[in-house]
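Here is input-v3.txt, consisting of compact mmCIF, C-alpha atoms:
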# COMPACT_ATOMS: atom_id res chain seq x y z
CA MET A 294 42.97 37.07 77.29
CA GLU A 295 43.68 40.03 75.04
CA ASP A 296 44.32 43.50 76.42
CA PHE A 297 41.57 45.87 75.28
CA GLN A 298 42.74 48.95 77.26
CA ASP A 299 44.83 50.47 74.49
CA MET A 300 42.43 49.63 71.63
CA THR A 301 40.29 52.29 69.97
CA ILE A 302 36.58 51.92 69.38
CA LEU A 303 37.17 51.23 65.66
CA GLN A 304 39.67 48.48 66.50
CA ILE A 305 37.29 46.97 69.04
CA ARG A 306 34.48 46.96 66.47
CA LYS A 307 36.71 45.31 63.88
CA ARG A 308 37.84 42.68 66.38
CA LEU A 309 34.21 42.05 67.39
CA ASN A 310 33.24 41.37 63.76
CA GLU A 311 36.12 38.90 63.46
CA LEU A 312 35.03 37.02 66.58
CA ASN A 313 31.42 36.78 65.35
CA ALA A 314 32.59 34.24 62.77
CA PHE A 315 33.83 31.93 65.54
CA VAL A 316 30.95 31.99 67.99
CA PRO A 317 31.48 28.53 69.58
CA SER A 318 35.04 29.32 70.73
CA SER A 319 34.89 33.04 71.57
CA VAL A 320 31.77 33.76 73.61
CA THR A 321 33.75 35.16 76.58
CA ARG A 322 35.92 37.38 74.39
CA LYS A 323 32.87 38.78 72.65
CA GLN A 324 31.26 39.68 75.99
CA ASP A 325 34.48 41.43 77.06
CA LEU A 326 34.50 43.40 73.83
CA ILE A 327 30.91 44.45 74.39
CA ASP A 328 31.68 45.65 77.91
CA LYS A 329 34.77 47.50 76.70
CA LEU A 330 32.81 49.18 73.92
CA VAL A 331 30.08 50.33 76.33
CA GLU A 332 32.63 51.79 78.77
CA ALA A 333 34.42 53.63 75.99
CA ILE A 334 31.21 55.18 74.73
CA GLN A 335 30.19 56.24 78.26
CA LYS A 336 33.58 57.87 78.87
CA GLN A 337 33.36 59.87 75.68
CA GLN A 338 29.82 60.86 76.58
CA GLN A 339 30.72 62.34 80.02
CA PRO A 340 32.07 65.72 78.76
CA GLU A 341 28.78 66.28 77.04
CA ARG A 342 26.46 65.54 79.96
CA ASN A 343 24.57 68.78 79.43
CA PRO A 344 23.27 68.66 75.87
CA PRO A 345 20.76 71.23 74.64
CA LYS A 346 17.54 70.79 76.47
CA ARG A 347 14.65 69.41 74.56
CA SER A 348 11.28 68.45 75.89
CA VAL A 349 10.90 64.78 75.29
CA SER A 350 8.71 62.68 77.47
CA PRO A 351 10.06 59.40 78.83
CA ILE A 352 7.02 57.61 77.50
CA SER A 353 7.59 58.75 73.90
CA SER A 354 11.25 57.82 74.16
CA PHE A 355 10.33 54.41 75.46
CA GLN A 356 7.82 53.90 72.62
CA ARG A 357 10.42 54.91 70.06
CA GLN A 358 12.77 52.33 71.48
CA LYS A 359 10.16 49.62 70.96
CA THR A 360 9.65 50.51 67.30
CA GLU A 361 13.35 50.43 66.48
CA PRO A 362 14.42 47.48 64.30
CA ALA A 363 16.32 44.51 65.70
CA PHE A 364 20.05 44.27 65.22
CA SER A 365 21.74 41.67 63.08
CA ARG A 366 24.45 39.48 64.47
CA ASN A 367 27.18 40.99 62.31
CA SER A 368 26.31 44.66 62.81
CA ILE A 369 26.87 47.02 65.79
CA PRO A 370 23.60 48.37 67.25
CA GLN A 371 23.00 52.13 67.30
CA ALA A 372 21.24 53.89 70.19
CA GLN A 373 18.60 56.37 69.03
CA ALA A 374 18.07 59.52 71.06
CA VAL A 375 16.09 62.73 70.82
CA SER A 376 19.14 64.92 70.20
CA PRO A 377 20.67 65.00 66.72
CA PRO A 378 22.90 61.99 66.03
CA ARG A 379 26.62 62.36 66.22
CA ARG A 380 29.55 60.03 65.68
CA VAL A 381 31.73 58.79 68.53
CA GLY A 382 34.92 57.64 66.99
CA ALA A 383 33.84 55.40 64.07
CA ILE A 384 30.45 54.38 65.54
CA PRO A 385 27.30 56.56 65.22
CA TYR A 386 25.81 56.93 68.70
CA ASN A 387 22.63 58.65 69.95
CA PRO A 388 22.59 59.06 73.77
CA SER A 389 19.39 58.35 75.65
CA SER A 390 17.39 61.23 77.08
CA ILE A 391 16.68 59.31 80.23
CA LYS A 392 19.20 59.64 83.00
CA LEU A 393 21.21 56.57 83.81
CA SER A 394 20.67 57.07 87.53
CA ASN A 395 16.92 56.75 87.08
CA GLN A 396 17.19 53.57 85.04
CA LYS A 397 17.80 50.11 86.40
CA THR A 398 19.76 49.14 83.24
CA ASP A 399 21.27 51.17 80.46
CA VAL A 400 19.26 51.23 77.20
CA PHE A 401 22.37 50.76 75.09
CA ARG A 402 23.39 47.73 77.12
CA GLN A 403 19.89 46.24 76.66
CA ARG A 404 20.17 46.71 72.94
CA MET A 405 23.62 45.18 72.82
CA GLU A 406 22.49 42.18 74.84
CA ALA A 407 19.48 41.73 72.52
CA ALA A 408 21.80 41.87 69.52
CA PHE A 409 24.28 39.44 71.09
CA PRO A 410 22.46 36.73 73.08
CA SER A 411 23.66 35.17 76.28
CA GLU A 412 25.80 32.09 76.62
CA GLU A 413 22.75 29.79 77.05
CA LYS A 414 21.22 31.04 73.81
CA GLU A 415 24.58 30.77 72.13
CA SER A 416 24.95 27.17 73.31
CA LEU A 417 21.51 26.27 71.91
CA GLU A 418 22.39 27.86 68.60
CA VAL A 419 25.70 26.04 68.61
CA LYS A 420 23.94 22.71 69.22
CA SER A 421 21.40 23.28 66.41
CA SER A 422 24.12 24.40 64.00
CA SER A 423 26.22 21.39 65.00
CA ALA A 424 23.31 19.00 64.32
CA THR A 425 22.77 20.63 60.92
CA LEU A 426 26.45 20.31 60.11
CA ILE A 427 26.42 16.66 61.17
CA LYS A 428 23.40 15.92 58.94
CA GLU A 429 25.01 17.64 55.98
CA SER A 430 28.26 15.79 56.59
CA LEU A 431 26.49 12.42 56.83
CA SER A 432 24.56 13.07 53.60
CA GLN A 433 27.77 14.01 51.81
CA ILE A 434 29.48 10.89 53.14
CA GLY A 435 26.53 8.72 52.02
CA THR A 436 26.60 10.25 48.54
CA PHE A 437 30.32 9.66 48.29
CA ILE A 438 29.94 6.03 49.39
CA GLY A 439 27.12 5.45 46.83
CA ILE A 440 29.22 6.88 43.99
CA LEU A 441 32.18 4.79 45.09
CA LEU A 442 30.08 1.59 45.13
CA ALA A 443 28.70 2.38 41.65
CA ILE A 444 32.22 2.86 40.31
CA LEU A 445 33.37 -0.42 41.86
CA PHE A 446 30.38 -2.30 40.40
CA ALA A 447 31.01 -0.86 36.94
CA ALA A 448 34.65 -1.84 37.19
CA TYR A 449 33.63 -5.38 38.15
CA LEU A 450 31.29 -5.65 35.15
CA VAL A 451 33.99 -4.40 32.82
CA LYS A 452 36.40 -6.94 34.24
CA VAL A 453 33.89 -9.78 33.82
CA TYR A 454 32.97 -8.92 30.23
CA MET A 455 36.45 -7.97 29.12
CA ALA A 456 38.09 -11.02 30.60
CA LYS A 457 39.22 -13.44 27.93
CA PRO A 458 37.43 -16.80 28.37
CA ILE A 459 39.31 -20.10 28.27
CA PHE A 460 37.77 -22.89 26.18
CA CYS A 461 38.24 -26.59 26.76
CA GLY A 462 40.29 -28.55 24.28
CA GLU A 463 43.75 -30.11 23.74
CA GLY A 464 44.58 -30.90 27.36
CA ILE A 465 42.51 -28.14 28.96
CA TYR A 466 39.56 -29.71 30.76
CA GLU A 467 39.20 -27.75 34.03
CA ASN A 468 38.14 -24.18 34.72
CA CYS A 469 37.20 -23.75 31.07
CA ILE A 470 34.16 -23.24 28.86
CA LYS A 471 32.85 -26.08 26.71
CA CYS A 472 33.79 -25.69 23.07
CA PRO A 473 30.62 -24.46 21.28
CA GLU A 474 29.12 -25.91 18.12
CA HIS A 475 30.77 -25.03 14.79
CA ALA A 476 33.90 -23.92 16.66
CA ILE A 477 37.54 -25.03 16.71
CA CYS A 478 39.09 -24.79 20.19
CA LYS A 479 42.85 -24.84 20.51
CA GLY A 480 45.16 -23.61 23.30
CA GLY A 481 42.25 -22.19 25.30
CA SER A 482 41.12 -19.97 22.42
CA MET A 483 38.26 -20.46 20.00
CA SER A 484 37.85 -19.92 16.26
CA CYS A 485 34.72 -20.54 14.18
CA GLU A 486 34.37 -22.82 11.18
CA PRO A 487 34.07 -21.34 7.67
CA GLY A 488 30.65 -19.78 7.15
CA PHE A 489 30.29 -18.90 10.84
CA GLU A 490 31.31 -15.86 12.85
CA ARG A 491 31.98 -15.42 16.54
CA ASP A 492 29.40 -13.93 18.89
CA ARG A 493 30.96 -13.78 22.39
CA THR A 494 31.27 -17.43 23.39
CA ALA A 495 29.32 -18.94 20.47
CA CYS A 496 29.61 -19.36 16.71
CA VAL A 497 26.66 -18.08 14.70
CA GLU A 498 26.07 -18.38 10.99
CA ASP A 499 27.51 -15.66 8.79
CA GLU A 500 24.60 -13.55 7.55
CA LYS A 501 26.08 -13.00 4.08
CA VAL A 502 26.72 -16.71 3.54
CA LYS A 503 23.29 -17.58 4.95
CA LYS A 504 21.48 -15.12 2.68
CA LYS A 505 23.30 -16.32 -0.42
CA ALA A 506 22.72 -19.99 0.42
CA TYR A 507 18.97 -19.41 0.86
CA THR A 508 18.87 -17.56 -2.47
CA ARG A 509 20.41 -20.59 -4.18
CA LEU A 510 17.91 -22.83 -2.38
CA TRP A 511 14.96 -20.84 -3.78
CA GLU A 512 16.44 -21.12 -7.28
CA LEU A 513 16.79 -24.88 -6.83
CA GLU A 514 13.15 -25.14 -5.67
CA SER A 515 11.92 -23.25 -8.72
CA TYR A 516 13.94 -25.44 -11.09
CA VAL A 517 12.82 -28.74 -9.52
CA ILE A 518 9.12 -27.73 -9.41
CA SER A 519 9.07 -26.61 -13.06
CA GLN A 520 10.82 -29.77 -14.28
CA ALA A 521 8.63 -32.02 -12.14
CA THR A 522 5.45 -30.35 -13.45
CA HIS A 523 6.53 -30.63 -17.07
CA LYS A 524 7.51 -34.28 -16.74
CA TRP A 525 4.34 -35.21 -14.86
CA LEU A 526 2.07 -33.67 -17.50
CA GLU A 527 3.93 -35.45 -20.28
CA THR A 528 4.68 -38.91 -18.88
CA ARG A 529 2.96 -39.03 -15.48
CA THR A 530 6.33 -39.86 -13.87
CA GLU A 531 8.19 -38.17 -11.03
CA PHE A 532 11.22 -35.96 -11.65
CA MET A 533 14.47 -36.55 -9.69
CA ILE A 534 17.92 -35.02 -10.01
CA ASP A 535 21.29 -35.60 -8.40
CA PHE A 536 22.71 -32.62 -6.52
CA GLU A 537 26.10 -33.10 -8.16
CA ASP A 538 24.53 -32.86 -11.62
CA TYR A 539 22.69 -29.72 -10.62
CA SER A 540 25.89 -28.22 -9.20
CA ARG A 541 27.77 -28.83 -12.45
CA GLN A 542 25.00 -27.14 -14.44
CA PHE A 543 24.17 -24.12 -12.29
CA LEU A 544 26.72 -23.80 -9.43
CA GLU A 545 29.98 -24.23 -11.28
CA THR A 546 31.11 -20.63 -10.62
CA GLU A 547 29.74 -20.48 -7.07
CA GLU A 548 31.95 -20.53 -3.98
CA GLY A 549 32.51 -23.88 -2.36
CA LEU A 550 31.33 -22.52 0.98
CA ILE A 551 27.94 -21.56 -0.51
CA VAL A 552 27.59 -24.95 -2.24
CA SER A 553 28.37 -26.85 0.96
CA ARG A 554 25.96 -24.67 2.94
CA LEU A 555 23.24 -25.30 0.33
CA LYS A 556 23.86 -29.02 0.61
CA GLU A 557 23.46 -28.83 4.39
CA LEU A 558 20.14 -27.00 4.02
CA ILE A 559 18.83 -29.71 1.68
CA LYS A 560 19.87 -32.48 4.05
CA ALA A 561 18.32 -30.65 6.99
CA LYS A 562 15.01 -30.59 5.03
CA VAL A 563 14.56 -26.87 5.50
CA SER A 564 12.69 -26.41 2.22
CA LEU A 565 8.92 -26.88 2.05
CA LYS A 566 8.86 -27.62 -1.70
CA ILE A 567 11.69 -30.10 -2.28
CA ASP A 568 12.99 -33.13 -0.43
CA SER A 569 15.91 -35.54 -0.66
CA LEU A 570 16.11 -39.31 -0.62
CA ASP A 571 17.86 -41.11 2.22
CA ASP A 572 20.80 -42.23 0.12
CA PRO A 573 24.21 -42.24 1.84
CA LEU A 574 26.11 -42.07 -1.46
CA LYS A 575 24.14 -39.51 -3.45
CA LEU A 576 21.95 -36.55 -2.70
CA ILE A 577 18.86 -37.16 -4.86
CA ILE A 578 16.39 -34.26 -4.94
CA HIS A 579 12.70 -34.48 -5.85
CA ALA A 580 9.62 -32.28 -5.47
CA LYS A 581 7.26 -32.64 -2.54
CA LYS A 582 3.65 -33.49 -3.34
CA PRO A 583 1.45 -31.74 -4.24
CA PHE A 584 3.66 -29.65 -6.49
CA LEU A 585 1.24 -28.85 -9.33
CA GLY A 586 -0.13 -25.35 -9.58
CA LEU A 587 -3.70 -24.40 -10.47
CA TYR A 588 -3.04 -24.16 -14.21
CA ALA A 589 -1.20 -27.51 -14.20
CA GLN A 590 -4.05 -29.13 -12.26
CA ILE A 591 -6.56 -27.96 -14.89
CA ILE A 592 -4.40 -29.39 -17.66
CA GLU A 593 -4.03 -32.65 -15.75
CA PHE A 594 -7.82 -32.93 -15.37
CA LEU A 595 -8.40 -32.28 -19.07
CA GLN A 596 -5.81 -34.87 -20.01
CA ASP A 597 -7.29 -37.51 -17.75
CA HIS A 598 -10.92 -36.94 -18.90
CA LYS A 599 -10.48 -35.83 -22.48
CA TYR A 600 -12.91 -38.40 -24.05
CA SER A 601 -15.71 -37.95 -21.60
CA LEU A 602 -15.25 -34.20 -21.70
CA THR A 603 -15.40 -34.22 -25.52
CA ILE A 604 -18.68 -36.14 -25.59
CA GLY A 605 -20.13 -33.97 -22.89
CA LEU A 606 -19.05 -30.88 -24.77
CA LEU A 607 -20.73 -32.04 -28.00
CA ILE A 608 -23.95 -32.85 -26.18
CA SER A 609 -23.86 -29.49 -24.49
CA LEU A 610 -23.33 -27.73 -27.82
CA PHE A 611 -26.26 -29.64 -29.38
CA PHE A 612 -28.63 -28.60 -26.63
CA ILE A 613 -27.38 -25.07 -26.80
CA TYR A 614 -28.00 -25.05 -30.56
CA LYS A 615 -31.48 -26.44 -30.16
CA TYR A 616 -32.29 -23.87 -27.53
CA ILE A 617 -31.04 -21.08 -29.76
CA CYS A 618 -33.13 -22.42 -32.65
CA TYR A 619 -36.17 -22.62 -30.40
CA ARG A 620 -35.72 -19.05 -29.31
CA GLN A 621 -35.22 -17.88 -32.89
CA ARG A 622 -38.30 -19.81 -34.14
CA LYS A 623 -40.35 -18.35 -31.33
CA VAL A 624 -39.31 -14.86 -32.30
CA LEU A 625 -39.90 -15.58 -36.00
CA LEU A 626 -43.32 -17.07 -35.23
CA GLN A 627 -44.34 -13.92 -33.43
CA GLN A 628 -43.23 -11.78 -36.34
CA ALA A 629 -44.86 -14.14 -38.90
CA ARG A 630 -48.20 -13.99 -37.07
CA LYS A 631 -48.01 -10.25 -37.03
CA MET A 632 -47.32 -10.13 -40.78
CA TYR A 633 -50.03 -12.72 -41.55
CA GLU A 634 -52.63 -10.68 -39.70
CA MET A 635 -51.63 -7.72 -41.84
CA ILE A 636 -51.88 -9.85 -45.05
CA SER A 637 -55.28 -11.33 -44.15
CA SER A 638 -56.63 -7.86 -43.40
CA GLN A 639 -55.41 -6.64 -46.80
CA ILE A 640 -56.95 -9.65 -48.63
CA LYS A 641 -60.26 -9.17 -46.87
CA ALA A 642 -60.32 -5.51 -47.81
CA ASN A 643 -59.60 -6.24 -51.51
CA VAL A 644 -62.33 -8.86 -52.11
CA ASP A 645 -64.66 -6.50 -53.99
CA ASP A 646 -62.07 -4.08 -55.38
CA THR A 647 -60.29 -6.35 -57.84
CA LEU A 648 -61.41 -8.48 -60.69
CA GLU A 649 -59.67 -11.44 -59.25
CA HIS A 650 -61.10 -10.80 -55.81
CA GLY A 651 -57.65 -11.36 -54.31
CA VAL A 652 -54.03 -10.18 -53.94
CA MET A 653 -51.07 -11.51 -55.87
CA GLU A 654 -48.48 -13.39 -53.85
CA SER A 655 -45.63 -11.32 -55.35
CA THR A 656 -47.26 -8.17 -54.02
CA ILE A 657 -47.48 -9.65 -50.51
CA LYS A 658 -43.80 -10.63 -50.56
CA SER A 659 -42.65 -7.23 -51.76
CA ASP A 660 -44.58 -5.53 -48.94
CA ILE A 661 -42.94 -7.78 -46.32
CA GLU A 662 -39.46 -7.24 -47.84
CA ASN A 663 -39.92 -3.49 -47.67
CA GLN A 664 -40.63 -3.74 -43.96
CA LEU A 665 -38.30 -6.53 -42.75
CA GLY A 666 -35.75 -7.11 -45.49
CA LYS A 667 -35.12 -10.00 -47.85
CA SER A 668 -33.21 -12.27 -45.46
CA LEU A 669 -35.79 -12.07 -42.72
CA THR A 670 -38.59 -12.44 -45.31
CA ARG A 671 -37.07 -15.71 -46.53
CA LYS A 672 -37.13 -16.99 -42.95
CA LEU A 673 -40.66 -15.82 -42.27
CA TRP A 674 -42.32 -16.91 -45.52
CA PRO A 675 -42.47 -20.68 -44.72
CA ILE A 676 -44.13 -19.85 -41.40
CA ILE A 677 -46.58 -17.52 -43.14
CA GLU A 678 -47.44 -20.30 -45.64
CA GLU A 679 -48.07 -22.68 -42.77
CA LEU A 680 -50.37 -20.18 -41.10
CA ARG A 681 -52.29 -19.76 -44.39
CA ARG A 682 -52.86 -23.48 -44.71
CA LYS A 683 -54.31 -23.58 -41.22
CA ASP A 684 -56.58 -20.61 -41.92
CA LYS A 685 -59.93 -21.60 -43.56
CA ASN A 686 -60.81 -18.03 -44.58
CA VAL A 687 -57.89 -17.59 -47.01
CA CYS A 688 -57.29 -19.66 -50.11
CA LYS A 689 -54.52 -19.67 -52.64
CA PHE A 690 -54.91 -20.39 -56.36
CA GLU A 691 -53.29 -19.78 -59.70
CA MET A 692 -54.86 -17.89 -62.60
CA ILE A 693 -53.90 -16.09 -65.80
CA VAL A 694 -53.49 -12.37 -65.33
CA SER A 695 -52.41 -10.29 -68.34
CA GLY A 696 -51.51 -13.43 -70.25
CA ARG A 697 -49.32 -14.76 -67.47
CA PRO A 698 -50.03 -17.26 -64.73
CA ARG A 699 -50.24 -15.57 -61.35
CA ILE A 700 -50.70 -16.92 -57.81
CA LEU A 701 -53.32 -15.07 -55.84
CA TRP A 702 -54.56 -15.13 -52.25
CA GLN A 703 -58.32 -14.76 -51.93
CA TRP A 704 -60.78 -14.32 -49.06
CA LYS A 705 -63.53 -17.04 -48.99
CA GLU A 706 -64.08 -17.01 -52.76
CA GLU A 707 -63.45 -19.73 -55.29
CA VAL A 708 -62.38 -18.39 -58.67
CA LYS A 709 -62.10 -20.73 -61.60
CA PRO A 710 -58.70 -20.40 -63.17
CA VAL A 711 -58.37 -19.69 -66.86
CA ILE A 712 -55.75 -22.38 -67.36
CA GLY A 713 -57.49 -25.18 -69.26
CA ASN A 714 -60.68 -26.79 -68.14
CA LYS A 715 -59.21 -27.90 -64.86
CA MET A 716 -59.16 -25.86 -61.61
CA LYS A 717 -55.89 -25.66 -59.82
CA TYR A 718 -55.99 -24.89 -56.06
CA PHE A 719 -53.17 -24.72 -53.56
Transcribe the structure of this file into structure tokens.
Amino acid sequence: MEDFQDMTILQIRKRLNELNAFVPSSVTRKQDLIDKLVEAIQKQQQPERNPPKRSVSPISSFQRQKTEPAFSRNSIPQAQAVSPPRRVGAIPYNPSSIKLSNQKTDVFRQRMEAAFPSEEKESLEVKSSSATLIKESLSQIGTFIGILLAILFAAYLVKVYMAKPIFCGEGIYENCIKCPEHAICKGGSMSCEPGFERDRTACVEDEKVKKKAYTRLWELESYVISQATHKWLETRTEFMIDFEDYSRQFLETEEGLIVSRLKELIKAKVSLKIDSLDDPLKLIIHAKKPFLGLYAQIIEFLQDHKYSLTIGLLISLFFIYKYICYRQRKVLLQQARKMYEMISSQIKANVDDTLEHGVMESTIKSDIENQLGKSLTRKLWPIIEELRRKDKNVCKFEMIVSGRPRILWQWKEEVKPVIGNKMKYF
């Protein structure tokens, strides 16, 4: 136990604040400090027992005490009195107006006990704070264990993936990995064949070599299809070529790795347009059927049916010509009928106006040429003549007009010609 007899109020207050931080282990010391502080304040209050009188009722003082705020755990409570406040040492203190002899307990002591709870309350607070500390500690420990497990798992994965595998081969047959395809295993290590690259524990095809080999395959397909089409249309025979001959013509400057890869693709029958014969000595390439395009198929059909197509074409042209002639004659007949109606109307109108009682044929032709032209008149005139022969109201005859023989068309009249004693009708 510490000796508090020689300590001032300021020192006691400072020591009390220090002990508040260690509540679980210093409950008794704190209570002693409180008692010591109360005694010191009462001793300093005794010389001033008779303060200036002021009428304050006990009830109002008691109500003021109820409305005062609660004290915090780390602060020293202050007693509020009616008289003006004054400082006792380093602590502001207001003495109560009620006499201590009339009170069962001192007001200041009540306030101090309310600010600093009893040992039972302290023990409950200690238990709750201990449970909280335990929970926080357990959560921190769990977090630490989780992080530690994650680190260990990551380290295990790194070890598994970074570990160098051992491949079987040349005396190594246990605790090893089987040598993959297109790989060369030696001394537990693995290396890939030319044209392949390593991918973990396997050998995959080199993308550059693969792309170039497929490009050469497409060129070979195009060449074989074009040659096969040309030969088939000329001789109706199939085109075949040896791969060695093709290589000498088109792959002479190509890398050997690309050529060998192209050869493997042909043997594996990867292409959909070309195929190879099952010959162990040579690689013979030919086009898969059907290999003819649309244009080549049309040419093939024309070649196979050229005679029948020629006859059919001639017959078709004949019927087309006849149909065209029929349409033209129909149109010409319509125009000829129209012109003949005009001519017959003119002849009928001129029966009594002329000496010959008719119209000269040259006049009729000139009128038609003025309307339709010479070429169309030549086409229409035979039809007009035919219509005249069928018409019984119009006749045609020859007579001398102005000393010259003229052909006239007349309406229902028979005129004796002047040429000789004979009558000449048409």
### Task
Kindly give the distance, in Å, that separates atom CA of Arg491 of chain A and atom CA of Ile551 of chain A, rounded to a single decimal.
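Atom-to-atom, atom CA of Arg491 of chain A to atom CA of Ile551 of chain A, that is 18.6 Å.
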### Query
Of the residues A:Phe437, A:Tyr600, A:Phe460, A:Tyr507, which is the one nearest to Ser553 of chain A, using only C-alpha atoms?
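The closest residue to Ser553 of chain A is A:Tyr507.
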### Task
In Å, rounded to a single decimal, give me how far atom CA of Glu662 of chain A is from atom CA of Tyr616 of chain A.
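Rounded to one decimal, the two atoms are 27.2 Å apart.
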### Query
If we count only C-alpha atoms, what is near Leu555 of chain A at a cut-off of 10 Å, once residues fewer than 2 positions away on the same chain are taken out, given as a list in words?
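Using only C-alpha atoms, the neighbours found are Val502, Lys503, Lys505, Ala506, Tyr507, Thr508, Arg509, Leu510, Leu513, Gly549, Leu550, Ile551, Val552, Ser553, Glu557, Leu558, Ile559, Lys560 and Ala561 of chain A.
Counting only C-alpha atoms and comparing A:Arg554, A:His523, A:Gln639, A:Lys581, the residue that lies closest to Glu498 of chain A is A:Arg554.
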### Query
For Asp660 of chain A, which of A:Ile636, A:Lys683, A:Pro473, A:Val624 is the closest residue, counting only C-alpha atoms?
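Of A:Ile636, A:Lys683, A:Pro473, A:Val624, the one nearest Asp660 of chain A is A:Ile636, counting only C-alpha atoms.
In this model, the gap between atom CA of Gln520 of chain A and atom CA of Lys501 of chain A comes to 29.2 Å.
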### Task
Within 12 Å of Ser484 of chain A, counting only C-alpha atoms, which residues show up once you throw out same-chain ones fewer than 2 positions away? Write them as a PyMOL selection string, please.
chain A and resi 460+472-482+486-497
Could you write out the selected residues, including C-alpha atoms, as a compact mmCIF listing (two decimals), in the coordinates of the input?
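Written output follows (out_29.txt):
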# COMPACT_ATOMS: atom_id res chain seq x y z
CA PHE A 460 37.77 -22.89 26.18
CA CYS A 472 33.79 -25.69 23.07
CA PRO A 473 30.62 -24.46 21.28
CA GLU A 474 29.12 -25.91 18.12
CA HIS A 475 30.77 -25.03 14.79
CA ALA A 476 33.90 -23.92 16.66
CA ILE A 477 37.54 -25.03 16.71
CA CYS A 478 39.09 -24.79 20.19
CA LYS A 479 42.85 -24.84 20.51
CA GLY A 480 45.16 -23.61 23.30
CA GLY A 481 42.25 -22.19 25.30
CA SER A 482 41.12 -19.97 22.42
CA GLU A 486 34.37 -22.82 11.18
CA PRO A 487 34.07 -21.34 7.67
CA GLY A 488 30.65 -19.78 7.15
CA PHE A 489 30.29 -18.90 10.84
CA GLU A 490 31.31 -15.86 12.85
CA ARG A 491 31.98 -15.42 16.54
CA ASP A 492 29.40 -13.93 18.89
CA ARG A 493 30.96 -13.78 22.39
CA THR A 494 31.27 -17.43 23.39
CA ALA A 495 29.32 -18.94 20.47
CA CYS A 496 29.61 -19.36 16.71
CA VAL A 497 26.66 -18.08 14.70
Need the axis-aligned box for segment 431-448 of chain A with 6 Å each side, so what are the centre and edges in Å to one decimal, as AutoDock Vina command-line options?
--center_x 29.6 --center_y 5.9 --center_z 46.9 --size_x 22.1 --size_y 28.3 --size_z 31.9
### Query
Counting all atoms listed in the file, which of A:Lys615, A:Arg529, A:Arg620, A:Lys705 gets nearest to Lys689 of chain A?
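Ranking A:Lys615, A:Arg529, A:Arg620, A:Lys705 by distance to Lys689 of chain A, first place goes to A:Lys705.
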### Query
Which of these residues is nearest to Lys524 of chain A, using only C-alpha atoms: A:Ile657, A:Ala642, A:Ala580, A:Ile334?
A:Ala580
